[in-house]
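Here's the structure, in structure tokens; my notes come after.
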Amino acid sequence: MATIEKSLTEEKEQAATWDVERIRADFPVLRQTVNGKPLVYLDNAASSQVPQVVIERGSMYLEQEHSNIHRGVHYLSQKATTAYEGARETVKRFINARGSKECIFVRGATEGINLVMHGYGRKFISAEDEIIISAMEHHANIVPWQMLCEEKGARLRVIPMNDAGELLLDEYEGLLNERTKLVAVNHVSNALGTINPIKAMIESAHKYGVPVLIDGAQSAPHMIVDVQDLDCDFYAFSGHKMFAPTGSGVVYGKARLLEQMNPFQGGGDMIKSVTFEKTTFADLPNKFEAGTPAIASQIGLGAAIDYLNSIGREQAAAYEHELLRYATERLSGIEGVRIIGTAREKASVLSFVIDEIHAHDIGTILDQEGIAVRAGHHCAQPVMQRFNVPATARASFAFYNTKEEVDVLANTIEKVIEIFS
Amino acid sequence: MSELSELYQQVILDHNKKPRNFRKLETANHSAEGYNPLCGDQLTVYLHLEDDAVREISFEGSGCAISKAAASMMTQAVKGKSKHEAEQLFTEFHRMVTGELDEENTQNALGNLKIFSGVREFPVRIKCASLAWHTMHAALNNQELVSTE
């Protein structure tokens with residue numbers, strides 16, 4: 001308890017020294033008004049905003065380096081290749097992969113998970129095998145596995161959760177068996193904000209020799225991720241949720257597994273040689289990167305990681321945690337508001353419902369006051385069913401949000417309740 | 001907040017709170033399910049058609065205030081109408097919320113349904129207002145499932 005209190009105090013101190021106005025100045029999009037009100041952007045779990053340095057890096061590529069990669073002997077192609085591969089090195093350090101060839105560039109976490117489904121799942125999973133996912137997955141980490149199970153006659157098993165939105169780990173242990181061929185869980189739930197104890201869950205799976213895929217879409221932007229320490233086998237995340245442009249993303253895989261896997265898509269850049277009789281595939285990571293990728297976006301992802309490092313990732317996380325604590329306190333204090341997802345360990349996401357008021361009505365009224373939240377099922381319909389709500393409103397925070405914005409949110413929620421009373 | 005008060009008028013809020021004809025219709029001989037995958041709104045419209053006229057109509061399901069109030073008022077408007085009149089109302093309502101119909105200056109049968117005209121200022125909410133109407137239209141035409149996507 002003493003250590004928890006100490007760490008809370010430390011966190012508050014770190015949060016107090018966070019110069020949020022200086023940080024906000026880095027994000028041009030935040031300077032606008034919406035419906036005559038200052039934009040309060042609280043939809044970061046869907047897509048976060050892009051700092052000026054990332055915009056400039058993308059522009060610089062388009063102005064000075066644009067060309068196709070890995071192909072030309074000419075000057076521009078080499079510049080583009082250097083920048084693109086430089087971004088991969090940055091990603092490697094960001095998640096502490098053993099090698100940059102383990103970091104496959106994809107369009108986002110969804111494509112990363114589909115890559116593993118096609119490359120690993122279709123090769124190594126067959127009839128009667130079992131895949132374990134959790135009750136709090138995003139559709140991106142449900143549907144590909146369902147499709148695979150359908151195709152192979154394999155079985156999807158689901159780790160249940162309690163009313164707070166925490167996975168029942170005993171049940172998880174019970175689901176693991178010799179038929180289990182893959183575990184796929186999210187690090188942080190996009191609908192509930194729960195941080196799952198993935199390190200322990202990975203350890204349990206490995207006792208059965210089962211590889212684990214982590215959907216890191218909501219964790220990569222908000223916490224330090226070390227894939228070697230976690231010992232996860234795959235880790236997928238999206239650039240557009242971590243201050244980079246859409247179209248950027250990464251799926252990390254252990255080299256040993258990636259090498260055994262089938263390619264995802266066929267095409268240019270993923271081959272060593274092609275004849276009409278036979279194709280030899282390229283080595284990692286190119287084997288998984290057919291066709292011309294989103295070069296500018298992936299270079300932008302590298303720049304976004306540099307930006308995160310420059311502002312201090314631990315301090316940013318501490319500040320966000322304090323914001324979440326404050327928002328939870330403010331919204332809990334409003335009669336009629338119920339928070340969905342009350343796990344002990346949470347990050348960045350605050351989902352809520354209001355008695356008798358549908359989330360879409362909440363979203364529309366908040367929008368009129370310049371507040372952007374997500375209203376709906378958050379691509380996690382099973383989570384909505386579990387909590388018996390049709391939809392929730394979700395405020396999700398980034399290190400550029402302020403307590404004043406939380407106050408605007410809370411005050412406007414009171415106004416919503418007034419309109420419907 | 002003026003556009004907002006236009007959208008959330010008292011009549012709409014009242015129908016949201018106390019939806020009319022909100023039940024399953026045991027005598028229904030037509031029904032259809034409407035679904036808006038974007039927001040998860042889901043409703044079923046039940047019709048009892050006799051001699052080409054809507055003798056009874058009801059609905060059940062869940063959705064936002066706009067979709068619920070629109071469904072409630074749709075049932076009131078359509079009850080007793082001929083199939084042709086119901087279809088015509090559907091067309092007029094749809095044209096009004098999408099901004100194609102100037103409901104104040106053209107001949108129409110919308111009556112108190114005009115309070116939904118404010119929806120056109122909120123493009124993402126147009127589907128909420130029209131879901132029940134699409135579903136009623138589908139039930140009339142023996143389609144079982146309609147999606148606004």
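The chains in the structure tokens are called A, B, ... from first to last as shown; in each chain the residues are counted from 1, and the ligands are counted from 1 in the order shown.
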Residues near Met161 in chain A, cut-off 10 Å, only C-alpha atoms, skip fewer than 5 positions along chain, as an NGL selection string: :A and (134-136 or 166-169 or 171-172 or 383 or 386)
Next, write the just-selected residues to a file, as a compact mmCIF listing (two decimals), in the first residue's frame, keeping N, CA and C atoms as the atom set.
# COMPACT_ATOMS: atom_id res chain seq x y z
N SER A 134 -10.24 -12.78 -25.95
CA SER A 134 -10.90 -12.38 -24.71
C SER A 134 -12.23 -11.71 -25.00
N ALA A 135 -13.02 -11.56 -23.96
CA ALA A 135 -14.35 -10.97 -24.07
C ALA A 135 -14.30 -9.48 -24.37
N MET A 136 -13.12 -8.87 -24.27
CA MET A 136 -13.05 -7.42 -24.48
C MET A 136 -12.29 -7.03 -25.74
N GLU A 166 -12.54 -6.73 -15.99
CA GLU A 166 -11.22 -7.37 -15.82
C GLU A 166 -11.34 -8.82 -16.24
N LEU A 167 -10.34 -9.31 -16.96
CA LEU A 167 -10.38 -10.70 -17.42
C LEU A 167 -10.29 -11.65 -16.23
N LEU A 168 -11.02 -12.76 -16.32
CA LEU A 168 -10.98 -13.78 -15.27
C LEU A 168 -9.82 -14.73 -15.58
N LEU A 169 -8.72 -14.49 -14.88
CA LEU A 169 -7.48 -15.20 -15.25
C LEU A 169 -7.53 -16.68 -14.92
N GLU A 171 -10.12 -18.51 -15.30
CA GLU A 171 -10.84 -19.09 -16.44
C GLU A 171 -9.89 -19.22 -17.63
N TYR A 172 -9.05 -18.21 -17.79
CA TYR A 172 -8.06 -18.24 -18.87
C TYR A 172 -7.15 -19.46 -18.73
N VAL A 383 -18.59 -6.52 -26.15
CA VAL A 383 -18.42 -5.81 -24.87
C VAL A 383 -19.73 -5.13 -24.49
N ARG A 386 -22.03 -7.69 -23.20
CA ARG A 386 -21.63 -8.14 -21.86
C ARG A 386 -22.14 -7.18 -20.79
Chain A residues near chain B within 9 Å, closest pair each, using only C-alpha atoms, as a tab-separated table:
residue	atom	partner	partner_atom	distance
A:Glu356	CA	B:Lys17	CA	8.2
A:Ile357	CA	B:Cys64	CA	7.3
A:His358	CA	B:Cys64	CA	4.8
A:Ala359	CA	B:Cys64	CA	7.2
A:His360	CA	B:Cys64	CA	6.1
A:Asp361	CA	B:Cys64	CA	6.2
A:Thr364	CA	B:Phe122	CA	8.3
A:Ile365	CA	B:Leu4	CA	7.1
A:Gln368	CA	B:Met1	CA	7.0
A:Glu369	CA	B:Met1	CA	8.3
A:Ala375	CA	B:Cys39	CA	7.6
A:Gly376	CA	B:Cys39	CA	5.0
A:His377	CA	B:Cys39	CA	6.7
A:Gln381	CA	B:Gly40	CA	8.6
A:Pro390	CA	B:Gly40	CA	6.5
A:Ala391	CA	B:Gly40	CA	7.2
A:Ile419	CA	B:Tyr8	CA	8.0
A:Phe420	CA	B:Leu13	CA	6.8
Store the residues of this selection in a file with N, CA, C and O atoms, as a compact mmCIF listing (two decimals), in the first residue's frame.
# COMPACT_ATOMS: atom_id res chain seq x y z
N GLU A 356 -31.23 6.35 -19.50
CA GLU A 356 -32.31 6.76 -20.40
C GLU A 356 -31.87 7.68 -21.54
O GLU A 356 -32.70 8.23 -22.25
N ILE A 357 -30.58 7.91 -21.69
CA ILE A 357 -30.13 8.76 -22.81
C ILE A 357 -29.15 7.96 -23.66
O ILE A 357 -28.15 7.45 -23.16
N HIS A 358 -29.47 7.85 -24.93
CA HIS A 358 -28.63 7.05 -25.82
C HIS A 358 -27.31 7.78 -26.11
O HIS A 358 -27.26 9.00 -26.21
N ALA A 359 -26.26 6.99 -26.27
CA ALA A 359 -24.92 7.56 -26.49
C ALA A 359 -24.87 8.50 -27.70
O ALA A 359 -24.14 9.50 -27.68
N HIS A 360 -25.66 8.21 -28.72
CA HIS A 360 -25.62 9.07 -29.90
C HIS A 360 -26.18 10.45 -29.64
O HIS A 360 -25.72 11.44 -30.21
N ASP A 361 -27.19 10.49 -28.78
CA ASP A 361 -27.73 11.81 -28.41
C ASP A 361 -26.70 12.58 -27.59
O ASP A 361 -26.52 13.78 -27.76
N THR A 364 -24.04 13.90 -30.05
CA THR A 364 -24.49 15.04 -30.85
C THR A 364 -24.48 16.33 -30.03
O THR A 364 -24.04 17.38 -30.50
N ILE A 365 -24.96 16.23 -28.79
CA ILE A 365 -25.03 17.44 -27.96
C ILE A 365 -23.61 17.89 -27.57
O ILE A 365 -23.30 19.08 -27.61
N GLN A 368 -22.01 19.78 -30.38
CA GLN A 368 -22.47 21.17 -30.52
C GLN A 368 -21.65 22.10 -29.64
O GLN A 368 -21.57 23.29 -29.88
N GLU A 369 -21.06 21.56 -28.58
CA GLU A 369 -20.22 22.36 -27.68
C GLU A 369 -18.74 22.21 -28.03
O GLU A 369 -17.87 22.56 -27.21
N ALA A 375 -19.25 7.85 -29.89
CA ALA A 375 -20.51 7.32 -29.38
C ALA A 375 -20.87 6.11 -30.22
O ALA A 375 -20.94 6.21 -31.44
N GLY A 376 -21.07 4.98 -29.59
CA GLY A 376 -21.43 3.79 -30.36
C GLY A 376 -20.91 2.55 -29.68
O GLY A 376 -20.72 2.52 -28.46
N HIS A 377 -20.66 1.52 -30.49
CA HIS A 377 -20.24 0.25 -29.90
C HIS A 377 -18.72 0.07 -29.94
O HIS A 377 -18.20 -0.94 -29.52
N GLN A 381 -18.81 -4.95 -30.20
CA GLN A 381 -20.20 -5.27 -29.87
C GLN A 381 -20.33 -6.29 -28.75
O GLN A 381 -21.21 -6.16 -27.89
N PRO A 390 -26.65 -0.73 -25.32
CA PRO A 390 -26.59 -0.72 -26.78
C PRO A 390 -25.33 -0.02 -27.29
O PRO A 390 -24.81 -0.33 -28.35
N ALA A 391 -24.86 0.93 -26.50
CA ALA A 391 -23.71 1.74 -26.93
C ALA A 391 -23.21 2.50 -25.71
O ALA A 391 -23.91 2.60 -24.71
N ILE A 419 -31.38 18.65 -20.69
CA ILE A 419 -32.21 18.64 -21.90
C ILE A 419 -33.20 17.48 -21.87
O ILE A 419 -34.36 17.61 -22.25
N PHE A 420 -32.74 16.34 -21.39
CA PHE A 420 -33.57 15.13 -21.43
C PHE A 420 -34.43 14.94 -20.19
O PHE A 420 -35.19 13.99 -20.11
Residue contacts of Met96 in chain B (10 Å, only C-alpha atoms) excluding same-chain residues fewer than 6 positions away, as a ChimeraX atom specification: /B:90,102-103,110,113-114,116-120
I'd like to know which residues of range 105-341 of chain A are strand (DSSP E or B) (by DSSP, run on the backbone); could you write them as number ranges by chain? A: 105, 130-134, 155-159, 161, 167, 180-186, 188, 194-195, 212-215, 234-238, 249-253, 271-274, 279-281, 337-340
Residue neighbourhood range 305-320 of chain A, 10 Å, only C-alpha atoms, exclusion window fewer than 6 positions, as JSON, numbers by chain: {"A": [8, 10, 11, 12, 13, 14, 15, 16, 17, 18, 19, 20, 23, 26, 51, 52, 53, 54, 87, 90, 91, 93, 94, 221, 222, 223, 224, 239, 242, 243, 244, 326, 347, 348, 349, 396, 397, 398, 399, 400, 401, 402]}
I'd like to know which of A:Gly112, A:Pro293, A:Val73, A:Glu178 is closest to Glu85 in chain A, using only C-alpha atoms.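 For Glu85 in chain A, the nearest of the candidates is A:Pro293.
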Interatomic distance (Å, one decimal) between CA of Arg57 in chain A and CA of Val227 in chain A: 26.9 Å
Can you pull out every residue from range 25-139 of chain B that DSSP, working from the backbone, puts in helix (DSSP H, G or I), and format the result as a ChimeraX atom specification? /B:65-78,83-97,111-121,123-139
With only C-alpha atoms as the counted atoms, please give the residues lying no more than 12 Å from Gly153 in chain A, apart from itself and same-chain residues fewer than 6 positions off, as number ranges by chain. A: 122, 125-131, 145-147
